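Participant: Contents of structure35.txt (compact mmCIF, C-alpha atoms and all ligand atoms) are given next:
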# COMPACT_ATOMS: atom_id res chain seq x y z
CA MET O 914 0.59 -22.04 -3.78
CA LYS O 915 1.04 -18.98 -1.59
CA LEU O 916 -1.28 -16.27 -0.35
CA ILE O 917 0.28 -12.83 -0.10
CA ILE O 918 -1.51 -10.52 2.30
CA ALA O 919 -0.29 -6.97 1.76
CA ILE O 920 -1.48 -4.06 3.89
CA VAL O 921 -0.73 -0.94 1.87
CA ASN O 922 -1.42 2.76 2.01
CA LYS O 923 -4.83 3.37 0.44
CA ASP O 924 -3.34 6.12 -1.78
CA ASP O 925 -1.08 3.52 -3.43
CA SER O 926 -3.74 0.84 -3.81
CA ALA O 927 -5.25 1.80 -7.20
CA THR O 928 -1.86 1.93 -8.90
CA VAL O 929 -0.54 -1.28 -7.39
CA VAL O 930 -3.73 -3.21 -8.19
CA GLN O 931 -3.51 -1.97 -11.78
CA LYS O 932 0.16 -3.05 -12.03
CA LEU O 933 -0.58 -6.46 -10.47
CA ASN O 934 -3.44 -7.08 -12.90
CA LYS O 935 -1.33 -5.96 -15.84
CA ALA O 936 1.36 -8.46 -14.80
CA GLY O 937 -1.29 -11.22 -14.72
CA PHE O 938 -1.86 -11.48 -10.97
CA MET O 939 -5.35 -11.74 -9.53
CA CYS O 940 -6.01 -9.87 -6.35
CA THR O 941 -8.79 -8.95 -3.96
CA LYS O 942 -8.83 -5.48 -2.49
CA LEU O 943 -10.29 -4.96 0.98
CA SER O 944 -10.89 -1.62 2.66
CA THR O 945 -9.35 -2.02 6.09
CA THR O 946 -8.48 0.03 9.16
CA GLY O 947 -5.22 -0.03 11.09
CA GLY O 948 -5.80 -1.15 14.66
CA PHE O 949 -3.38 1.38 16.13
CA LEU O 950 -3.93 4.63 14.24
CA ARG O 951 -7.52 3.71 13.19
CA ALA O 952 -6.72 5.19 9.79
CA GLY O 953 -7.97 3.63 6.57
CA ASN O 954 -5.60 1.37 4.67
CA THR O 955 -6.02 -1.28 1.99
CA THR O 956 -5.40 -4.99 2.33
CA LEU O 957 -4.65 -6.93 -0.83
CA LEU O 958 -5.09 -10.70 -1.06
CA ILE O 959 -2.99 -12.17 -3.84
CA GLY O 960 -3.00 -15.91 -4.50
CA THR O 961 -0.14 -17.06 -6.68
CA ASP O 962 2.29 -19.80 -7.52
CA GLU O 963 5.27 -20.04 -5.14
CA LYS O 964 7.65 -19.32 -8.03
CA LYS O 965 5.97 -15.97 -8.68
CA VAL O 966 6.01 -14.61 -5.13
CA GLU O 967 9.15 -12.55 -5.77
CA ASP O 968 7.53 -10.97 -8.86
CA VAL O 969 4.61 -9.83 -6.70
CA LEU O 970 6.98 -8.53 -4.01
CA ASP O 971 8.91 -6.60 -6.67
CA ILE O 972 5.69 -4.84 -7.76
CA LEU O 973 4.79 -4.09 -4.15
CA ARG O 974 8.30 -2.72 -3.52
CA GLU O 975 8.12 -0.54 -6.61
CA TYR O 976 4.71 0.99 -5.97
CA CYS O 977 4.18 0.79 -2.18
CA SER O 978 7.53 1.35 -0.51
CA ARG O 979 7.91 4.00 2.13
CA ARG O 980 9.30 7.15 0.51
CA MET O 981 9.64 10.89 0.99
CA GLU O 982 7.49 13.28 -1.04
CA THR O 983 7.27 17.04 -1.07
CA VAL O 984 3.77 18.43 -0.61
CA ASN O 985 2.60 22.01 -0.49
CA ALA O 986 1.14 22.64 2.93
CA ALA O 987 -1.11 25.63 3.53
CA ALA O 988 0.45 28.39 5.60
CA THR O 989 -1.34 31.42 6.92
CA ASN O 990 0.36 34.74 7.35
CA TYR O 991 -1.95 36.39 9.89
CA SER O 992 -0.15 39.74 9.99
CA GLU O 993 -0.50 40.29 6.26
CA GLN O 994 -3.72 38.25 5.99
CA PHE O 995 -2.99 36.07 3.03
CA PHE O 996 -2.73 32.35 2.47
CA SER O 997 0.34 30.79 0.98
CA THR O 998 1.85 27.34 0.69
CA VAL O 999 5.17 26.01 1.91
CA PRO O 1000 6.84 22.85 0.60
CA VAL O 1001 7.02 20.18 3.32
CA GLU O 1002 8.70 16.75 3.14
CA VAL O 1003 6.38 13.95 4.30
CA THR O 1004 6.71 10.17 4.47
CA VAL O 1005 4.18 8.36 2.29
CA GLY O 1006 3.47 4.76 1.35
CA GLY O 1007 4.78 1.69 3.11
CA ALA O 1008 3.54 -1.88 3.15
CA THR O 1009 3.26 -4.75 5.62
CA VAL O 1010 3.36 -8.07 3.81
CA PHE O 1011 2.64 -11.63 4.98
CA VAL O 1012 3.36 -14.61 2.71
CA VAL O 1013 1.51 -17.73 3.84
CA ASP O 1014 1.18 -21.29 2.58
CA VAL O 1015 -2.14 -22.26 1.02
CA ASP O 1016 -3.37 -25.79 1.84
CA GLN O 1017 -6.04 -25.84 -0.82
CA PHE O 1018 -7.13 -23.52 -3.61
CA ILE O 1019 -10.65 -24.30 -4.79
CA LYS O 1020 -12.91 -22.49 -7.24
CA MET O 1021 -16.52 -23.72 -7.29
P1 LIG O 1101 3.28 -0.12 10.23
O1 LIG O 1101 4.06 -1.06 11.08
O2 LIG O 1101 3.86 0.24 8.90
O3 LIG O 1101 1.86 -0.80 10.00
C1 LIG O 1101 0.92 -0.28 9.07
C2 LIG O 1101 -0.38 -1.05 9.18
O4 LIG O 1101 -0.13 -2.43 8.80
C3 LIG O 1101 -0.96 -1.14 10.58
O5 LIG O 1101 -1.74 -0.01 10.84
C4 LIG O 1101 -1.79 -2.42 10.53
O6 LIG O 1101 -3.01 -2.18 9.83
C5 LIG O 1101 -0.93 -3.30 9.63
N1 LIG O 1101 -0.02 -4.16 10.41
C6 LIG O 1101 1.27 -3.90 10.71
N2 LIG O 1101 1.82 -4.91 11.38
C7 LIG O 1101 0.85 -5.84 11.53
C8 LIG O 1101 0.80 -7.12 12.14
N3 LIG O 1101 1.86 -7.67 12.78
N4 LIG O 1101 -0.37 -7.82 12.09
C9 LIG O 1101 -1.44 -7.28 11.46
N5 LIG O 1101 -1.46 -6.07 10.85
C10 LIG O 1101 -0.34 -5.36 10.89
P2 LIG O 1101 -1.83 0.53 12.36
O7 LIG O 1101 -2.14 -0.59 13.29
O8 LIG O 1101 -2.79 1.67 12.37
O9 LIG O 1101 -0.35 1.04 12.69
C11 LIG O 1101 0.16 2.21 12.08
C12 LIG O 1101 1.59 2.43 12.52
O10 LIG O 1101 1.62 2.70 13.91
C13 LIG O 1101 2.49 1.20 12.32
O11 LIG O 1101 3.01 1.23 11.01
C14 LIG O 1101 3.53 1.39 13.40
O12 LIG O 1101 4.53 2.30 12.97
C15 LIG O 1101 2.75 2.06 14.50
N6 LIG O 1101 2.26 1.08 15.48
C16 LIG O 1101 1.32 0.11 15.30
N7 LIG O 1101 1.09 -0.58 16.42
C17 LIG O 1101 1.89 -0.04 17.35
C18 LIG O 1101 2.11 -0.31 18.74
N8 LIG O 1101 1.45 -1.30 19.37
N9 LIG O 1101 3.02 0.46 19.39
C19 LIG O 1101 3.69 1.44 18.76
N10 LIG O 1101 3.53 1.76 17.45
C20 LIG O 1101 2.64 1.02 16.76
Please render this file's structure as structure tokens.
Ligand code: 2BA

Facilitator:
Amino acid sequence: MKLIIAIVNKDDSATVVQKLNKAGFMCTKLSTTGGFLRAGNTTLLIGTDEKKVEDVLDILREYCSRRMETVNAAATNYSEQFFSTVPVEVTVGGATVFVVDVDQFIKM
């Protein structure tokens, strides 16, 4: 058995947990904080059979990979005194994943 520890962007966590559950994987979701940026992220604990690790990684790749998205950022035009938005490309998502051996898996 393996334990997959995945630190993901908190904005991706609801979707990826839903997809993992739908595919039959159990997971525990922890609210965590990155030690460097001190920003909130989500750590998922996923215990699974060794043969299914790649299936979990595929789901994580599909729903948590680093990608570019266009967002509308607020822009102020002070001379004409109105607010507008400008499309800006930002990097979102990303995951840090550890796959570790499990010595024992016990449910009491
Ligand atoms: P990432 O490397 O994508 O890491 C995202 C988050 O994943 C980290 O948040 C941390 O919560 C976790 N993480 C990454 N590598 C880890 C590891 N080896 N062990 C345990 N947890 C780990 P933050 O610590 O807030 O880091 C946010 C981003 O800042 C990192 O993105 C990286 O690009 C940068 N960073 C982190 N530590 C750095 C350092 N010492 N020097 C320069 N840049 C750093």

Participant: Restricting the calculation to all atoms listed in the file, which member of O:Cys977, O:Val984, O:Leu957, O:Ala1008 is positioned closest to ligand LIG 1101 (chain O)?

Facilitator: O:Ala1008

Participant: Considering only C-alpha atoms, state which residue in the set O:Val1001, O:Ala927, O:Leu950, O:Val1013 is at the smallest distance from Tyr976 of chain O.

Facilitator: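 Comparing O:Val1001, O:Ala927, O:Leu950, O:Val1013 against Tyr976 of chain O, the winner is O:Ala927.
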
Participant: Taking into account only C-alpha atoms, which residue in the set O:Asn954, O:Gly960, O:Ile917, O:Ala986 is nearest to Ile1019 of chain O?

Facilitator: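 Among the listed residues, the smallest separation from Ile1019 of chain O belongs to O:Gly960.
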
Participant: Would you compute, for all listed atoms of ligand LIG 1101 (chain O), the axis-aligned bounding box grown by 3 Å on each side, and then report its centre and edge lengths in Å rounded to one decimal, as AutoDock Vina command-line options?

Facilitator:
--center_x 0.8 --center_y -2.6 --center_z 14.1 --size_x 13.5 --size_y 16.5 --size_z 16.6

Participant: Per residue of chain O within 9 Å of ligand LIG 1101 (chain O), which atom pair is closest and at what distance in Å (one decimal), using only C-alpha atoms and all ligand atoms, listed by chain and increasing number, as a tab-separated table?

Facilitator:
residue	atom	partner	partner_atom	distance
O:Ala919	CA	O:LIG1101	O4	8.4
O:Ile920	CA	O:LIG1101	O4	5.3
O:Val921	CA	O:LIG1101	O4	7.1
O:Asn922	CA	O:LIG1101	C1	8.0
O:Thr945	CA	O:LIG1101	O6	7.4
O:Thr946	CA	O:LIG1101	O6	5.9
O:Gly947	CA	O:LIG1101	O8	3.2
O:Gly948	CA	O:LIG1101	O7	3.9
O:Phe949	CA	O:LIG1101	O7	3.7
O:Leu950	CA	O:LIG1101	O8	3.7
O:Arg951	CA	O:LIG1101	O8	5.2
O:Ala952	CA	O:LIG1101	O8	5.9
O:Gly953	CA	O:LIG1101	O8	8.0
O:Asn954	CA	O:LIG1101	O6	6.8
O:Thr955	CA	O:LIG1101	O6	8.4
O:Thr956	CA	O:LIG1101	O6	8.4
O:Arg979	CA	O:LIG1101	O2	8.7
O:Gly1006	CA	O:LIG1101	O2	8.8
O:Gly1007	CA	O:LIG1101	O2	6.0
O:Ala1008	CA	O:LIG1101	O2	6.1
O:Thr1009	CA	O:LIG1101	O4	5.2
O:Val1010	CA	O:LIG1101	O4	8.3
O:Phe1011	CA	O:LIG1101	N4	8.6

Participant: Name the residues, using the chain letters and numbers of the file, that sit within 6 Å of (9.9, 6.4, 2.7) when counting only C-alpha atoms, and give them as a CSV table (one decimal) with C-alpha atoms, keeping the file's coordinate frame.

Facilitator:
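Written output follows (point06.csv):
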chain,number,residue,atom,x,y,z
O,979,ARG,CA,7.9,4.0,2.1
O,980,ARG,CA,9.3,7.2,0.5
O,981,MET,CA,9.6,10.9,1.0
O,1004,THR,CA,6.7,10.2,4.5

Participant: Skip Val999 of chain O itself and residues of its chain fewer than 5 positions away, then list as a list of chain:residue names all residues within 7 Å of it, counting only C-alpha atoms.

Facilitator: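 Surrounding residues, per the criterion: O:Asn985, O:Ala986, O:Ala987, O:Ala988.
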
Participant: Rounded to one decimal in Å, what is the spacing between atom CA of Val930 of chain O and atom CA of Leu973 of chain O?

Facilitator: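 Computed distance, atom CA of Val930 of chain O to atom CA of Leu973 of chain O, equals 9.5 Å.
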
Participant: To one decimal in Å, tell me the separation between atom CA of Lys942 of chain O and atom CA of Lys923 of chain O.

Facilitator: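 Answer for the atom CA of Lys942 of chain O to atom CA of Lys923 of chain O separation: 10.1 Å.
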
Participant: So how many Å separate atom CA of Glu967 of chain O and atom CA of Gln931 of chain O, to one decimal?

Facilitator: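 Atom-to-atom, atom CA of Glu967 of chain O to atom CA of Gln931 of chain O, that is 17.6 Å.
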
Participant: Choose the residue, out of O:Thr941, O:Asp1016, O:Ala936, O:Ser997, that has the smallest atom-to-atom separation from Asp968 of chain O; count all atoms listed in the file.

Facilitator: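 When distances to Asp968 of chain O are compared using all atoms listed in the file, the smallest one comes from O:Ala936.
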
Participant: Compute the distance from (-8.5, -22.3, -1.8) to each atom, counting only C-alpha atoms, keep the residues with any atom at most 12 Å away, and return them as a list in words; use the coordinates of the file.

Facilitator: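 The residues that fall inside the cut-off are Met914, Lys915, Leu916, Ile959, Gly960, Thr961, Asp1014, Val1015, Asp1016, Gln1017, Phe1018, Ile1019, Lys1020 and Met1021 of chain O.
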
Participant: Choose the residue, out of O:Val1012, O:Glu975, O:Thr983, O:Glu1002, that has the smallest atom-to-atom separation from Val929 of chain O; count only C-alpha atoms.

Facilitator: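 For Val929 of chain O, the nearest of the candidates is O:Glu975.
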